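Here is the structure we will look at, set down as structure tokens.
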Amino acid sequence: MPLSEFEIIQHYFERQGLTRPEVLTGIGDDAAVLRPPADRELVIAIDTLVAGVHFPENTPAEDIGWKVLAVNLSDLAAMGAEPAWFTLALTMPTASQHWLEAFSRGLFELAQQHRIALVGGDTTHGALTISVQIAGYLPPGKAILRKGASAGDLVYLTGTIGDAAVALSLLLGELKAEVPQKAELLRRLNRPQPRVAEGQAIRELAHCAIDISDGLWADIEHMLAASGVGARIELSRLPLSAGVERLLTSRPSLWRTILGGGDDYELCFCISPENRNSLEQLAQQQGFRFTCIGSITAEPGLTCVDTGGQPLSMAVSGYQHFKKDEE
């Protein structure tokens, strides 16, 4: 017998095993009652993942549960915020107990890592679509915004770039190659690591930041537009994983995928040159990977140069949901 909406909530989402003091009333009522700390600002974000758009339809349910929370945590990370709680709206074609068990396991595995509580949501019938609204806290006036870059600032990235886009190309058969690191690339696509700790750590140093969801090129352009400046990025400085580097040696055109593909959920941020030593000390002390990939220019526009110092000749664009409609 199929599970009812209320049985789904009770069996798979009430048993999260995590409580937070600011949650006065959570799952099980018409709405959550929350009491944020008086000395903090509230940061809120929301993302929706649709099967066949944000992840292949055969993606394991456990990975979908992880990813739907990870992409929201990444938004808080870009602001330098501490995650606190979230709500979940889950639309499914069928109430498969096997799928729900795996989905909730992946969701709460990541939630436990970041001490974030599920406080409510909704379940409905339809095409697989999942929305998470997330909230976190910041000290007053400490949010890292997209705007704030100045000419002369250094541009940094966390982690490595291009792994998720390359993995998706391999998965869809668009890129036909054998690479020993394929499993690791797929893990980066299906289970991105939100850089929450890094976001909070750079809060006092970063002038601006953005998470890389639509592609490095597009997201840097968003940051530059908000700041009214330009940037010069050097391909030779981009941090690449061993798998991506291996593929790139025989496929120079792969740069388009690396720069234009999304789903990395790394942070791109800017600091003043005077803070470079402080950032490097922070990275060494806490085991973070920060890579300087270029600098901010006064003249608007993004320039990406190859190893010979020549501007990149290929056209690059990030992911746009309604691009095909416009065409």
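Please note that chains go A, B, ... in the order of the structure tokens, that every chain numbers its residues from 1, and that ligands are numbered from 1 in the order shown.
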Per residue of stretch 176-287 of chain A within 12 Å of stretch 104-123 of chain A, what are the shortest atom pair and its distance in Å to one decimal, counting only C-alpha atoms, with rows by chain and residue number, as a tab-separated table?
residue	atom	partner	partner_atom	distance
A:Asn190	CA	A:Gly106	CA	10.8
A:Arg191	CA	A:Gly106	CA	9.4
A:Pro192	CA	A:Leu110	CA	10.4
A:Gln193	CA	A:Leu110	CA	9.3
A:Pro194	CA	A:Leu110	CA	9.7
A:Arg195	CA	A:His114	CA	10.7
A:Val196	CA	A:His114	CA	8.3
A:Ala197	CA	A:His114	CA	9.4
Include C-alpha atoms and write out the residues we just selected as a short mmCIF file (atom, residue, chain, number, x, y, z; two decimals), in the first residue's frame.
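Saved the output as out-v6.cif:
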data_model
loop_
_atom_site.label_atom_id
_atom_site.label_comp_id
_atom_site.auth_asym_id
_atom_site.auth_seq_id
_atom_site.Cartn_x
_atom_site.Cartn_y
_atom_site.Cartn_z
CA ASN A 190 27.03 14.18 -7.53
CA ARG A 191 28.40 15.11 -4.11
CA PRO A 192 29.87 18.62 -4.24
CA GLN A 193 31.53 19.82 -1.04
CA PRO A 194 30.09 23.20 -0.01
CA ARG A 195 32.94 25.42 1.20
CA VAL A 196 31.16 26.55 4.36
CA ALA A 197 34.26 26.61 6.58
#
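Running DSSP on the backbone and keeping only strand (DSSP E or B), the residues of stretch 193-313 of chain A that qualify are Cys208, Ala209, Ile210, Asp211, Gly230, Ala231, Arg232, Ile233, Glu234, Leu267, Cys268, Phe269, Cys270, Ile271, Phe290, Thr291, Cys292, Ile293, Gly294, Ser295, Ile296, Thr297, Gly301, Leu302, Thr303, Cys304, Val305 and Pro311 of chain A.
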Residue subset to file, keeping C-alpha atoms, as a tab-separated table (two decimals), in the first residue's frame:
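Written output follows (part.tsv):
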chain	number	residue	atom	x	y	z
A	208	CYS	CA	33.49	40.02	-2.44
A	209	ALA	CA	32.66	36.41	-3.27
A	210	ILE	CA	30.42	34.15	-5.36
A	211	ASP	CA	29.93	30.41	-5.57
A	230	GLY	CA	37.04	43.88	-14.93
A	231	ALA	CA	39.46	41.00	-14.42
A	232	ARG	CA	42.39	39.25	-16.07
A	233	ILE	CA	42.42	35.51	-15.44
A	234	GLU	CA	45.32	33.22	-16.38
A	267	LEU	CA	34.10	29.86	-4.05
A	268	CYS	CA	35.62	32.65	-6.12
A	269	PHE	CA	36.61	35.69	-4.07
A	270	CYS	CA	38.78	38.81	-4.11
A	271	ILE	CA	41.23	40.17	-1.56
A	290	PHE	CA	43.21	28.70	-2.11
A	291	THR	CA	44.65	29.49	-5.56
A	292	CYS	CA	45.28	32.95	-7.01
A	293	ILE	CA	44.04	32.88	-10.62
A	294	GLY	CA	44.34	36.53	-11.64
A	295	SER	CA	43.63	40.11	-10.69
A	296	ILE	CA	40.97	42.81	-10.91
A	297	THR	CA	41.31	45.57	-13.50
A	301	GLY	CA	35.21	43.05	-18.90
A	302	LEU	CA	36.69	39.61	-18.33
A	303	THR	CA	39.89	38.67	-20.13
A	304	CYS	CA	41.24	35.14	-19.92
A	305	VAL	CA	44.75	34.56	-21.27
A	311	PRO	CA	43.51	36.25	-24.93
Where does DSSP see helix (DSSP H, G or I) in stretch 21-254 of chain A, if you list the residues as a PyMOL selection string?
chain A and resi 61-79+97-113+163-172+182-190+196-201+216-227+235-237+242-248+254
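Of note, atom CA of A:Asp263 and atom CA of A:Gln286 are spaced 24.5 Å apart.
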Quick one: everything within 12 Å of A:Glu178, counting only C-alpha atoms, minus sequence neighbours fewer than 5 positions away in the same chain. Send it as a PDB file with N, CA and C atoms, in the first residue's frame.
ATOM      1  N   ALA A 167      32.798  15.645 -15.734  1.00  0.00           N
ATOM      2  CA  ALA A 167      32.123  14.406 -15.346  1.00  0.00           C
ATOM      3  C   ALA A 167      30.789  14.260 -16.065  1.00  0.00           C
ATOM      4  N   LEU A 170      31.336  13.245 -19.628  1.00  0.00           N
ATOM      5  CA  LEU A 170      31.657  11.819 -19.704  1.00  0.00           C
ATOM      6  C   LEU A 170      30.405  10.970 -19.520  1.00  0.00           C
ATOM      7  N   LEU A 171      29.586  11.361 -18.562  1.00  0.00           N
ATOM      8  CA  LEU A 171      28.377  10.599 -18.236  1.00  0.00           C
ATOM      9  C   LEU A 171      27.390  10.599 -19.399  1.00  0.00           C
ATOM     10  N   GLY A 173      28.157  10.963 -22.511  1.00  0.00           N
ATOM     11  CA  GLY A 173      28.773  10.479 -23.738  1.00  0.00           C
ATOM     12  C   GLY A 173      29.210  11.570 -24.690  1.00  0.00           C
ATOM     13  N   ALA A 183      35.730   8.027 -11.460  1.00  0.00           N
ATOM     14  CA  ALA A 183      34.897   7.884 -10.261  1.00  0.00           C
ATOM     15  C   ALA A 183      34.989   9.124  -9.382  1.00  0.00           C
ATOM     16  N   GLY A 243      42.457  14.264 -12.986  1.00  0.00           N
ATOM     17  CA  GLY A 243      41.628  13.725 -14.059  1.00  0.00           C
ATOM     18  C   GLY A 243      41.389  14.725 -15.170  1.00  0.00           C
ATOM     19  N   VAL A 244      41.097  15.960 -14.800  1.00  0.00           N
ATOM     20  CA  VAL A 244      40.857  17.002 -15.799  1.00  0.00           C
ATOM     21  C   VAL A 244      42.146  17.339 -16.537  1.00  0.00           C
ATOM     22  N   ARG A 246      44.617  15.380 -17.116  1.00  0.00           N
ATOM     23  CA  ARG A 246      44.928  14.250 -18.015  1.00  0.00           C
ATOM     24  C   ARG A 246      44.146  14.369 -19.323  1.00  0.00           C
ATOM     25  N   LEU A 247      42.868  14.700 -19.231  1.00  0.00           N
ATOM     26  CA  LEU A 247      42.038  14.838 -20.423  1.00  0.00           C
ATOM     27  C   LEU A 247      42.428  16.061 -21.244  1.00  0.00           C
TER      28      LEU A 247
END
